[in-house]
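First the structure, in the form of structure tokens, and then the observations on it.
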2 protein chains.
Amino acid sequence: MQPQPDLGHPADLYPTRVDAARVIPRREAVVWGSSSNGPLTNDELAHYDRTGYLQIPELVTADEVEAMRAELHRLSCDPKVLADERTIAEGGRAPTDSGEITVRSIFQIHESNDLFAAIAHDSRVVERARQVLGSDVYIHQSRVNFKPGFKGKDFFWHSDFETWHAEDGMPLPRAVSISISLTDNHTFNGPLMIMPGSHREFVSCVGATPVNHHRESLVMQGVGTPAPETLRTFADRYGIAVLTGASGGATMFDSNCMHASNGNVTPFSRSNLFLVFNSMENVCGEPFAAPARRPEHLATRNPHPVIPRPSEEQTR
Amino acid sequence: MQPQPDLGHPADLYPTRVDAARVIPRREAVVWGSSSNGPLTNDELAHYDRTGYLQIPELVTADEVEAMRAELHRLSCDPKVLADERTIAEGGRAPTDSGEITVRSIFQIHESNDLFAAIAHDSRVVERARQVLGSDVYIHQSRVNFKPGFKGKDFFWHSDFETWHAEDGMPLPRAVSISISLTDNHTFNGPLMIMPGSHREFVSCVGATPVNHHRESLVMQGVGTPAPETLRTFADRYGIAVLTGASGGATMFDSNCMHASNGNVTPFSRSNLFLVFNSMENVCGEPFAAPARRPEHLATRNPHPVIPRPSEEQTR
């Protein structure tokens with residue numbers, strides 16, 4: 001019998017979770033808009049196009065950072081938040097004896113919290129996403145991340161698009177992540193590392209996706225990580241950029257950037273608000289390489305365009 | 001009954017492994033010599049005095065680095081070396097299936113290996129140690145360290161002198177470590193971090209030293225690490241210096257520097273030759289806070305002055 005073509009599913013241009021890894025050149029554009037479509041200049045767009053990322057110092061004000069930090073602190077002590085399935089905590093969801101914050105991430109924060117929703121819809125953020133993607137955009141995923149001092153864990157090299165393609169059915173790498181720093185990023189407290197230019201190559205990963213892989217993968221990585229020899233080649237070819245910067249700044253990066261972060265033994269914790277904007281012309285279908293969809297709070301199936309709202313703080 | 005004074009033991013100026021931690025100002029000098037005693041300039045000595053460390057670019061040549069790296073690779077594949085109690089390996093001493101290097105450290109390398117012995121006695125190294133300590137010096141401890149790429153482990157904050165005082169009976173912080181880099185140190189591959197100026201304060205640590213603590217402490221740290229609140233205070237007071245630099249360079253640092261290193265998920269491994277010179281006027285006695293002496297390869301009980309030998313490579 002001939003295998004039936006799956007007429008309801010687009011062709012898989014980026015096969016992954018396969019038997020043998022390979023590197024596939026990216027076909028699609030990285031920047032879809034131009035300087036006439038939004039606040040980013042030609043130079044900024046060219047930097048993003050070339051490296052796959054762009055740092056925006058002082059995207060939000062110090063007062064806004066303080067408000068978000070206070071809110072994050074409040075949320076991480078709230079038993080309701082700790083019990084929510086959208087909250088990922090270190091070693092379970094119970095507070096520790098010492099009262100220490102154990103929350104690692106809170107997903108779908110742009111829907112559950114007014115303050116973070118406001119920032120997610122703020123024109124300073126959304127207009128830049130629309131500009132890079134050259135279309136209406138929606139929020140594929142949002143979360144706040146908290147990486148504690150002294151024992152912050154590392155995150156191994158990966159492309160977000162590899163996961164979103166395999167497990168969420170995102171057809172193409174036409175998505176941008178905007179990470180707004182709520183703490184200073186030093187070289188020494190586990191900042192984001194990106195291999196500049198790596199967004200031009202898709203690295204397929206070896207191994208089938210287990211059922212309910214997301215329950216493990218948010219805590220421990222396995223499937224969906226590139227082979228060491230590929231990473232060696234990439235590191236030699238592209239080098240490693242260490243993205244430092246003061247709180248209130250943001251990093252925009254392409255969904256297919258190879259990125260990672262080291263652990264953190266310093267006393268300086270790190271936290272950020274992480275927003276993933278996907279193009280309305282690139283909405284997710286069935287997973288390309290996973291037995292089932294991930295839950296809504298990890299990858300929405302209910303895309304609606306984000307309308308930029310004017311900033312309350314009109315400082316820039 | 002009155003407790004008997006221990007007439008054979010000097011007064012303990014730096015009590016540690018106690019019930020309640022405290023911070024004790026250092027009484028002794030940091031630099032005991034002057035620019036007329038050796039190759040270090042007044043500016044270099046002043047930097048070392050103030051910060052507790054000094055970086056020396058290109059202390060050894062590229063050829064010497066290559067020779068040491070080749071030797072380290074040879075040693076890490078040698079079953080005799082792997083079986084030696086002076087070798088510390090990741091997860092035991094057997095080679096892994098993949099043939100990967102699992103050696104983390106080889107101690108007392110200056111006695112077991114001619115090449116490393118030559119560097120340990122080289123005038124470029126020894127004259128600087130003699131100059132800082134203002135006396136004849138001996139090698140308290142030596143080792144080569146190997147921190148692999150992808151999975152290099154972190155090392156938590158500590159003062160070496162705290163351990164050498166507690167477990168080896170080193171009376172005063174009159175010792176200098178010289179770490180010669182055999183690989184490039186980037187901000188992103190787990191380089192040495194020092195809190196500059198922290199060498200002026202001794203942080204006593206809580207908890208008694210268990211029997212044979214060294215068998216655990218070389219693999220996992222527990223006793224002998226400062227309290228988080230002290231580290232927070234120190235980090236705010238002193239900041240954190242990240243010691244990057246090319247292979248062949250060296251870092252000299254005071255035995256009482258508060259230092260640490262993060263893990264390393266990048267493909268770039270790190271290795272160094274680590275030599276601890278102690279003043280002949282500061283030889284070790286009985287441990288100040290441990291039930292028994294550590295083995296000879298961790299802390300020699302057989303001090304003899306190191307006579308500087310002229311370099312074979314007279315490039316500097």
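Lettering and numbering for the structure tokens are positional, with chains as A, B, ... in the shown order, residues counted from 1 in each chain, and ligands counted from 1 in the shown order.
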Give me, as CSV, each residue of stretch 152-218 of chain B that comes within 7 Å of stretch 125-135 of chain B, together with its shortest interatomic pair and the distance in Å at one decimal, counting only C-alpha atoms, with rows ordered by chain and rising residue number.
residue,atom,partner,partner_atom,distance
B:Arg174,CA,B:Leu133,CA,6.5
B:Ala175,CA,B:Leu133,CA,6.9
B:Val176,CA,B:Ala129,CA,6.6
Generate a file of the selected residues that holds N, CA, C and O atoms, formatted as a PDB file, in the first residue's frame.
ATOM      1  N   ARG B 174      49.606  33.177  53.935  1.00  0.00           N
ATOM      2  CA  ARG B 174      50.816  33.660  53.269  1.00  0.00           C
ATOM      3  C   ARG B 174      51.188  32.657  52.179  1.00  0.00           C
ATOM      4  O   ARG B 174      52.270  32.053  52.172  1.00  0.00           O
ATOM      5  N   ALA B 175      50.251  32.447  51.267  1.00  0.00           N
ATOM      6  CA  ALA B 175      50.428  31.492  50.165  1.00  0.00           C
ATOM      7  C   ALA B 175      49.811  32.117  48.919  1.00  0.00           C
ATOM      8  O   ALA B 175      48.892  32.925  49.008  1.00  0.00           O
ATOM      9  N   VAL B 176      50.361  31.747  47.772  1.00  0.00           N
ATOM     10  CA  VAL B 176      49.852  32.268  46.511  1.00  0.00           C
ATOM     11  C   VAL B 176      49.616  31.107  45.542  1.00  0.00           C
ATOM     12  O   VAL B 176      50.440  30.199  45.450  1.00  0.00           O
TER      13      VAL B 176
END
Fill in: All alpha helix (DSSP H) positions in stretch 144-257 of chain B, as a list in words
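Filtering stretch 144-257 of chain B to alpha helix (DSSP H) leaves Asp160, Phe161, Glu162, Thr163, Trp164, His165, Ala166, Glu167, Asp168, His213, His214, Arg215, Glu216, Ser217, Pro228, Glu229, Thr230, Leu231, Arg232, Thr233, Phe234, Ala235, Asp236, Arg237 and Tyr238 of chain B.
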Item to complete: Could you please write out, as a ChimeraX atom specification, every residue of stretch 159-213 of chain A that DSSP assigns to strand (DSSP E)?
Response: /A:175-181,192-194,201-203
Report as a tab-separated table: every residue of chain B with an atom at most 7 Å from chain A, its closest pair of atoms, and their distance in Å to one decimal, counting only C-alpha atoms, with rows sorted by chain and ascending residue number.
residue	atom	partner	partner_atom	distance
B:Phe156	CA	A:Val265	CA	6.3
B:Thr187	CA	A:Thr187	CA	6.1
B:Leu231	CA	A:Pro267	CA	6.9
B:Arg232	CA	A:Pro267	CA	5.6
B:Asn262	CA	A:Val265	CA	6.0
B:Gly263	CA	A:Gly263	CA	5.8
B:Asn264	CA	A:Asn262	CA	6.0
B:Val265	CA	A:Asn262	CA	6.0
B:Pro267	CA	A:Arg232	CA	5.6
Please produce an output containing N, CA, C and O atoms for each residue in the selection, written as an mmCIF file, in the first residue's frame.
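Below is the file again.cif, written as the result:
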data_model
loop_
_atom_site.group_PDB
_atom_site.id
_atom_site.type_symbol
_atom_site.label_atom_id
_atom_site.label_comp_id
_atom_site.auth_asym_id
_atom_site.auth_seq_id
_atom_site.Cartn_x
_atom_site.Cartn_y
_atom_site.Cartn_z
ATOM 1 N N PHE B 156 31.592 26.102 43.860
ATOM 2 C CA PHE B 156 30.950 27.133 44.673
ATOM 3 C C PHE B 156 31.986 28.022 45.376
ATOM 4 O O PHE B 156 33.155 27.669 45.488
ATOM 5 N N THR B 187 34.395 34.481 28.885
ATOM 6 C CA THR B 187 33.386 34.699 29.932
ATOM 7 C C THR B 187 32.417 33.525 29.993
ATOM 8 O O THR B 187 31.804 33.284 31.025
ATOM 9 N N LEU B 231 27.882 35.841 51.477
ATOM 10 C CA LEU B 231 28.256 35.961 50.067
ATOM 11 C C LEU B 231 27.515 37.111 49.401
ATOM 12 O O LEU B 231 28.093 37.825 48.567
ATOM 13 N N ARG B 232 26.251 37.315 49.776
ATOM 14 C CA ARG B 232 25.508 38.463 49.235
ATOM 15 C C ARG B 232 26.177 39.771 49.639
ATOM 16 O O ARG B 232 26.384 40.660 48.817
ATOM 17 N N ASN B 262 31.470 29.163 37.438
ATOM 18 C CA ASN B 262 30.203 28.610 36.967
ATOM 19 C C ASN B 262 30.453 27.360 36.123
ATOM 20 O O ASN B 262 31.579 27.092 35.712
ATOM 21 N N GLY B 263 29.399 26.618 35.863
ATOM 22 C CA GLY B 263 29.467 25.483 34.960
ATOM 23 C C GLY B 263 29.695 25.942 33.524
ATOM 24 O O GLY B 263 29.841 27.139 33.254
ATOM 25 N N ASN B 264 29.761 24.987 32.627
ATOM 26 C CA ASN B 264 30.121 25.285 31.240
ATOM 27 C C ASN B 264 29.351 24.391 30.288
ATOM 28 O O ASN B 264 29.666 23.216 30.163
ATOM 29 N N VAL B 265 28.340 24.964 29.605
ATOM 30 C CA VAL B 265 27.610 24.198 28.583
ATOM 31 C C VAL B 265 28.164 24.430 27.178
ATOM 32 O O VAL B 265 27.682 23.822 26.227
ATOM 33 N N PRO B 267 30.926 24.265 23.997
ATOM 34 C CA PRO B 267 31.841 23.190 23.574
ATOM 35 C C PRO B 267 33.294 23.435 23.999
ATOM 36 O O PRO B 267 34.132 22.559 23.815
#
Worksheet item: Residues at most 9 Å from stretch 181-185 of chain A, counting only C-alpha atoms, excluding those fewer than 4 positions away in the same chain, as a PyMOL selection string?
Response: chain A and resi 65-66+68-69+189-192+243-251+268-274
Item to complete: Using atom CA of A:Phe277 and atom CA of A:Tyr138 as the two end points, give the distance in Å to one decimal.
Response: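 Atom-to-atom, atom CA of A:Phe277 to atom CA of A:Tyr138, that is 5.5 Å.
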Excluding B:His140 and its own-chain neighbours fewer than 2 positions away, which residues fall within 12 Å of it when counting only C-alpha atoms? Please give them as a PDB file with N, CA, C and O atoms, in the first residue's frame.
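So the final result, stored in result36.pdb, reads:
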ATOM      1  N   PHE B 107      46.454  15.384  40.959  1.00  0.00           N
ATOM      2  CA  PHE B 107      47.185  16.089  42.009  1.00  0.00           C
ATOM      3  C   PHE B 107      48.668  15.682  42.032  1.00  0.00           C
ATOM      4  O   PHE B 107      49.050  14.648  41.502  1.00  0.00           O
ATOM      5  N   GLN B 108      49.455  16.524  42.676  1.00  0.00           N
ATOM      6  CA  GLN B 108      50.892  16.301  42.888  1.00  0.00           C
ATOM      7  C   GLN B 108      51.621  16.063  41.562  1.00  0.00           C
ATOM      8  O   GLN B 108      52.605  15.333  41.497  1.00  0.00           O
ATOM      9  N   ILE B 109      51.133  16.736  40.546  1.00  0.00           N
ATOM     10  CA  ILE B 109      51.656  16.551  39.192  1.00  0.00           C
ATOM     11  C   ILE B 109      53.108  17.018  39.096  1.00  0.00           C
ATOM     12  O   ILE B 109      53.866  16.530  38.246  1.00  0.00           O
ATOM     13  N   HIS B 110      53.519  17.911  39.967  1.00  0.00           N
ATOM     14  CA  HIS B 110      54.898  18.430  39.914  1.00  0.00           C
ATOM     15  C   HIS B 110      55.890  17.396  40.420  1.00  0.00           C
ATOM     16  O   HIS B 110      57.085  17.570  40.277  1.00  0.00           O
ATOM     17  N   GLU B 111      55.408  16.324  41.015  1.00  0.00           N
ATOM     18  CA  GLU B 111      56.319  15.259  41.446  1.00  0.00           C
ATOM     19  C   GLU B 111      56.228  14.046  40.539  1.00  0.00           C
ATOM     20  O   GLU B 111      57.187  13.293  40.424  1.00  0.00           O
ATOM     21  N   ALA B 120      56.778  23.954  37.093  1.00  0.00           N
ATOM     22  CA  ALA B 120      56.593  24.309  38.509  1.00  0.00           C
ATOM     23  C   ALA B 120      57.874  24.897  39.113  1.00  0.00           C
ATOM     24  O   ALA B 120      57.805  25.623  40.110  1.00  0.00           O
ATOM     25  N   VAL B 137      59.992  29.660  49.112  1.00  0.00           N
ATOM     26  CA  VAL B 137      58.646  29.086  48.969  1.00  0.00           C
ATOM     27  C   VAL B 137      58.740  27.586  48.727  1.00  0.00           C
ATOM     28  O   VAL B 137      59.778  27.079  48.288  1.00  0.00           O
ATOM     29  N   TYR B 138      57.691  26.871  49.037  1.00  0.00           N
ATOM     30  CA  TYR B 138      57.586  25.458  48.661  1.00  0.00           C
ATOM     31  C   TYR B 138      56.204  25.224  48.061  1.00  0.00           C
ATOM     32  O   TYR B 138      55.303  26.055  48.191  1.00  0.00           O
ATOM     33  N   SER B 142      49.885  20.820  44.083  1.00  0.00           N
ATOM     34  CA  SER B 142      49.848  21.093  42.644  1.00  0.00           C
ATOM     35  C   SER B 142      48.824  20.170  42.008  1.00  0.00           C
ATOM     36  O   SER B 142      48.537  19.086  42.529  1.00  0.00           O
ATOM     37  N   ARG B 143      48.268  20.645  40.908  1.00  0.00           N
ATOM     38  CA  ARG B 143      47.362  19.775  40.153  1.00  0.00           C
ATOM     39  C   ARG B 143      47.145  20.328  38.752  1.00  0.00           C
ATOM     40  O   ARG B 143      47.337  21.520  38.511  1.00  0.00           O
ATOM     41  N   ASP B 160      40.421  29.269  49.545  1.00  0.00           N
ATOM     42  CA  ASP B 160      41.297  28.101  49.681  1.00  0.00           C
ATOM     43  C   ASP B 160      41.952  28.066  51.058  1.00  0.00           C
ATOM     44  O   ASP B 160      42.124  27.000  51.656  1.00  0.00           O
ATOM     45  N   PHE B 161      42.341  29.249  51.543  1.00  0.00           N
ATOM     46  CA  PHE B 161      43.002  29.297  52.848  1.00  0.00           C
ATOM     47  C   PHE B 161      42.108  28.731  53.943  1.00  0.00           C
ATOM     48  O   PHE B 161      42.593  28.092  54.883  1.00  0.00           O
ATOM     49  N   TRP B 164      42.788  25.125  53.749  1.00  0.00           N
ATOM     50  CA  TRP B 164      44.170  24.773  54.092  1.00  0.00           C
ATOM     51  C   TRP B 164      44.459  25.029  55.570  1.00  0.00           C
ATOM     52  O   TRP B 164      45.256  24.319  56.185  1.00  0.00           O
ATOM     53  N   ASP B 168      44.596  21.471  56.772  1.00  0.00           N
ATOM     54  CA  ASP B 168      46.028  21.221  56.571  1.00  0.00           C
ATOM     55  C   ASP B 168      46.907  21.909  57.612  1.00  0.00           C
ATOM     56  O   ASP B 168      48.132  21.742  57.587  1.00  0.00           O
ATOM     57  N   GLY B 169      46.307  22.723  58.487  1.00  0.00           N
ATOM     58  CA  GLY B 169      47.115  23.395  59.509  1.00  0.00           C
ATOM     59  C   GLY B 169      48.016  24.490  58.965  1.00  0.00           C
ATOM     60  O   GLY B 169      49.080  24.765  59.521  1.00  0.00           O
ATOM     61  N   MET B 170      47.603  25.146  57.884  1.00  0.00           N
ATOM     62  CA  MET B 170      48.376  26.289  57.391  1.00  0.00           C
ATOM     63  C   MET B 170      48.104  27.474  58.329  1.00  0.00           C
ATOM     64  O   MET B 170      46.947  27.901  58.453  1.00  0.00           O
ATOM     65  N   ARG B 174      49.606  33.177  53.935  1.00  0.00           N
ATOM     66  CA  ARG B 174      50.816  33.660  53.269  1.00  0.00           C
ATOM     67  C   ARG B 174      51.188  32.657  52.179  1.00  0.00           C
ATOM     68  O   ARG B 174      52.270  32.053  52.172  1.00  0.00           O
ATOM     69  N   ALA B 175      50.251  32.447  51.267  1.00  0.00           N
ATOM     70  CA  ALA B 175      50.428  31.492  50.165  1.00  0.00           C
ATOM     71  C   ALA B 175      49.811  32.117  48.919  1.00  0.00           C
ATOM     72  O   ALA B 175      48.892  32.925  49.008  1.00  0.00           O
ATOM     73  N   VAL B 176      50.361  31.747  47.772  1.00  0.00           N
ATOM     74  CA  VAL B 176      49.852  32.268  46.511  1.00  0.00           C
ATOM     75  C   VAL B 176      49.616  31.107  45.542  1.00  0.00           C
ATOM     76  O   VAL B 176      50.440  30.199  45.450  1.00  0.00           O
ATOM     77  N   SER B 177      48.476  31.153  44.869  1.00  0.00           N
ATOM     78  CA  SER B 177      48.193  30.166  43.831  1.00  0.00           C
ATOM     79  C   SER B 177      48.525  30.766  42.480  1.00  0.00           C
ATOM     80  O   SER B 177      48.221  31.929  42.215  1.00  0.00           O
ATOM     81  N   ILE B 178      49.172  29.974  41.639  1.00  0.00           N
ATOM     82  CA  ILE B 178      49.451  30.406  40.273  1.00  0.00           C
ATOM     83  C   ILE B 178      48.780  29.406  39.338  1.00  0.00           C
ATOM     84  O   ILE B 178      49.116  28.219  39.336  1.00  0.00           O
ATOM     85  N   SER B 255      45.729  33.289  48.732  1.00  0.00           N
ATOM     86  CA  SER B 255      45.075  32.091  49.262  1.00  0.00           C
ATOM     87  C   SER B 255      43.728  32.379  49.914  1.00  0.00           C
ATOM     88  O   SER B 255      42.917  31.479  50.058  1.00  0.00           O
ATOM     89  N   PHE B 274      47.711  24.192  38.122  1.00  0.00           N
ATOM     90  CA  PHE B 274      47.438  24.949  39.335  1.00  0.00           C
ATOM     91  C   PHE B 274      48.542  24.639  40.350  1.00  0.00           C
ATOM     92  O   PHE B 274      48.709  23.484  40.752  1.00  0.00           O
ATOM     93  N   LEU B 275      49.285  25.674  40.732  1.00  0.00           N
ATOM     94  CA  LEU B 275      50.418  25.493  41.651  1.00  0.00           C
ATOM     95  C   LEU B 275      50.207  26.380  42.869  1.00  0.00           C
ATOM     96  O   LEU B 275      49.974  27.585  42.728  1.00  0.00           O
ATOM     97  N   VAL B 276      50.286  25.790  44.046  1.00  0.00           N
ATOM     98  CA  VAL B 276      50.141  26.564  45.278  1.00  0.00           C
ATOM     99  C   VAL B 276      51.504  26.680  45.955  1.00  0.00           C
ATOM    100  O   VAL B 276      52.084  25.674  46.372  1.00  0.00           O
ATOM    101  N   PHE B 277      51.996  27.905  46.035  1.00  0.00           N
ATOM    102  CA  PHE B 277      53.250  28.151  46.739  1.00  0.00           C
ATOM    103  C   PHE B 277      52.957  28.715  48.128  1.00  0.00           C
ATOM    104  O   PHE B 277      52.201  29.687  48.260  1.00  0.00           O
ATOM    105  N   ASN B 278      53.553  28.096  49.122  1.00  0.00           N
ATOM    106  CA  ASN B 278      53.426  28.596  50.487  1.00  0.00           C
ATOM    107  C   ASN B 278      54.797  29.093  50.941  1.00  0.00           C
ATOM    108  O   ASN B 278      55.838  28.622  50.465  1.00  0.00           O
ATOM    109  N   SER B 279      54.792  30.079  51.836  1.00  0.00           N
ATOM    110  CA  SER B 279      56.055  30.585  52.372  1.00  0.00           C
ATOM    111  C   SER B 279      56.716  29.528  53.267  1.00  0.00           C
ATOM    112  O   SER B 279      56.018  28.843  54.034  1.00  0.00           O
ATOM    113  N   MET B 280      58.034  29.420  53.179  1.00  0.00           N
ATOM    114  CA  MET B 280      58.755  28.512  54.083  1.00  0.00           C
ATOM    115  C   MET B 280      58.625  28.987  55.537  1.00  0.00           C
ATOM    116  O   MET B 280      58.936  28.242  56.464  1.00  0.00           O
ATOM    117  N   ASN B 282      55.761  29.684  56.787  1.00  0.00           N
ATOM    118  CA  ASN B 282      54.337  29.456  57.061  1.00  0.00           C
ATOM    119  C   ASN B 282      53.984  27.978  56.888  1.00  0.00           C
ATOM    120  O   ASN B 282      52.870  27.630  56.494  1.00  0.00           O
ATOM    121  N   VAL B 283      54.936  27.096  57.203  1.00  0.00           N
ATOM    122  CA  VAL B 283      54.715  25.667  56.933  1.00  0.00           C
ATOM    123  C   VAL B 283      53.560  25.136  57.786  1.00  0.00           C
ATOM    124  O   VAL B 283      53.252  25.659  58.856  1.00  0.00           O
ATOM    125  N   CYS B 284      52.944  24.094  57.293  1.00  0.00           N
ATOM    126  CA  CYS B 284      51.735  23.562  57.922  1.00  0.00           C
ATOM    127  C   CYS B 284      52.057  22.717  59.148  1.00  0.00           C
ATOM    128  O   CYS B 284      53.065  21.992  59.183  1.00  0.00           O
ATOM    129  N   ARG B 294      45.194  15.696  55.876  1.00  0.00           N
ATOM    130  CA  ARG B 294      44.862  15.177  54.552  1.00  0.00           C
ATOM    131  C   ARG B 294      46.106  14.481  53.983  1.00  0.00           C
ATOM    132  O   ARG B 294      47.218  14.712  54.446  1.00  0.00           O
ATOM    133  N   PRO B 295      45.909  13.663  52.948  1.00  0.00           N
ATOM    134  CA  PRO B 295      47.063  12.948  52.390  1.00  0.00           C
ATOM    135  C   PRO B 295      48.115  13.902  51.810  1.00  0.00           C
ATOM    136  O   PRO B 295      47.796  15.029  51.421  1.00  0.00           O
ATOM    137  N   GLU B 296      49.313  13.394  51.734  1.00  0.00           N
ATOM    138  CA  GLU B 296      50.476  14.133  51.247  1.00  0.00           C
ATOM    139  C   GLU B 296      50.238  14.785  49.873  1.00  0.00           C
ATOM    140  O   GLU B 296      50.708  15.892  49.617  1.00  0.00           O
ATOM    141  N   HIS B 297      49.511  14.103  48.986  1.00  0.00           N
ATOM    142  CA  HIS B 297      49.341  14.667  47.636  1.00  0.00           C
ATOM    143  C   HIS B 297      48.376  15.845  47.604  1.00  0.00           C
ATOM    144  O   HIS B 297      48.303  16.561  46.607  1.00  0.00           O
ATOM    145  N   LEU B 298      47.636  16.066  48.687  1.00  0.00           N
ATOM    146  CA  LEU B 298      46.769  17.243  48.757  1.00  0.00           C
ATOM    147  C   LEU B 298      47.429  18.380  49.525  1.00  0.00           C
ATOM    148  O   LEU B 298      47.069  19.553  49.332  1.00  0.00           O
ATOM    149  N   ALA B 299      48.347  18.039  50.404  1.00  0.00           N
ATOM    150  CA  ALA B 299      48.976  19.042  51.261  1.00  0.00           C
ATOM    151  C   ALA B 299      50.273  18.451  51.788  1.00  0.00           C
ATOM    152  O   ALA B 299      50.251  17.614  52.677  1.00  0.00           O
ATOM    153  N   THR B 300      51.378  18.880  51.234  1.00  0.00           N
ATOM    154  CA  THR B 300      52.635  18.221  51.594  1.00  0.00           C
ATOM    155  C   THR B 300      53.028  18.511  53.045  1.00  0.00           C
ATOM    156  O   THR B 300      52.750  19.583  53.587  1.00  0.00           O
ATOM    157  N   ARG B 301      53.642  17.512  53.646  1.00  0.00           N
ATOM    158  CA  ARG B 301      54.215  17.644  54.995  1.00  0.00           C
ATOM    159  C   ARG B 301      55.719  17.600  54.904  1.00  0.00           C
ATOM    160  O   ARG B 301      56.410  17.373  55.890  1.00  0.00           O
ATOM    161  N   ASN B 302      56.212  17.791  53.734  1.00  0.00           N
ATOM    162  CA  ASN B 302      57.627  17.591  53.456  1.00  0.00           C
ATOM    163  C   ASN B 302      58.136  18.796  52.665  1.00  0.00           C
ATOM    164  O   ASN B 302      58.585  18.667  51.524  1.00  0.00           O
ATOM    165  N   PRO B 303      58.020  19.994  53.266  1.00  0.00           N
ATOM    166  CA  PRO B 303      58.344  21.199  52.504  1.00  0.00           C
ATOM    167  C   PRO B 303      59.837  21.356  52.252  1.00  0.00           C
ATOM    168  O   PRO B 303      60.639  21.185  53.170  1.00  0.00           O
ATOM    169  N   HIS B 304      60.199  21.616  51.014  1.00  0.00           N
ATOM    170  CA  HIS B 304      61.574  22.047  50.747  1.00  0.00           C
ATOM    171  C   HIS B 304      61.544  23.180  49.729  1.00  0.00           C
ATOM    172  O   HIS B 304      60.744  23.165  48.793  1.00  0.00           O
ATOM    173  N   PRO B 305      62.413  24.150  49.928  1.00  0.00           N
ATOM    174  CA  PRO B 305      62.373  25.358  49.095  1.00  0.00           C
ATOM    175  C   PRO B 305      62.523  25.017  47.615  1.00  0.00           C
ATOM    176  O   PRO B 305      63.330  24.158  47.248  1.00  0.00           O
ATOM    177  N   VAL B 306      61.732  25.675  46.798  1.00  0.00           N
ATOM    178  CA  VAL B 306      61.822  25.494  45.353  1.00  0.00           C
ATOM    179  C   VAL B 306      62.870  26.481  44.833  1.00  0.00           C
ATOM    180  O   VAL B 306      62.731  27.687  45.011  1.00  0.00           O
TER     181      VAL B 306
END
Item to complete: Enter the distance from atom CA of B:Ala117 to atom CA of B:Asp136, in Å, rounded to one decimal.
Response: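 Going from atom CA of B:Ala117 over to atom CA of B:Asp136 covers 17.7 Å.
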Discussion item. I'd like the neighbourhood of stretch 286-291 of chain B as a PyMOL selection string, where a residue qualifies if any of its atoms comes within 8 Å (using only C-alpha atoms), though same-chain residues fewer than 3 positions away should be ignored.
Written reply: chain B and resi 9+12+15-17+165-170+208-211
Worksheet item: Counting only C-alpha atoms, what is within 7 Å of A:Val103, bar same-chain residues fewer than 4 positions away, as a ChimeraX atom specification?
Response: /A:76,88-90,146
Write to file, as a short mmCIF file (atom, residue, chain, number, x, y, z; two decimals), in the first residue's frame, the residues of the selection just made, with C-alpha atoms.
data_model
loop_
_atom_site.label_atom_id
_atom_site.label_comp_id
_atom_site.auth_asym_id
_atom_site.auth_seq_id
_atom_site.Cartn_x
_atom_site.Cartn_y
_atom_site.Cartn_z
CA SER A 76 5.88 33.39 43.48
CA ILE A 88 7.02 25.33 36.86
CA ALA A 89 8.79 25.09 40.21
CA GLU A 90 12.19 23.74 41.24
CA PHE A 146 13.16 33.21 37.48
#
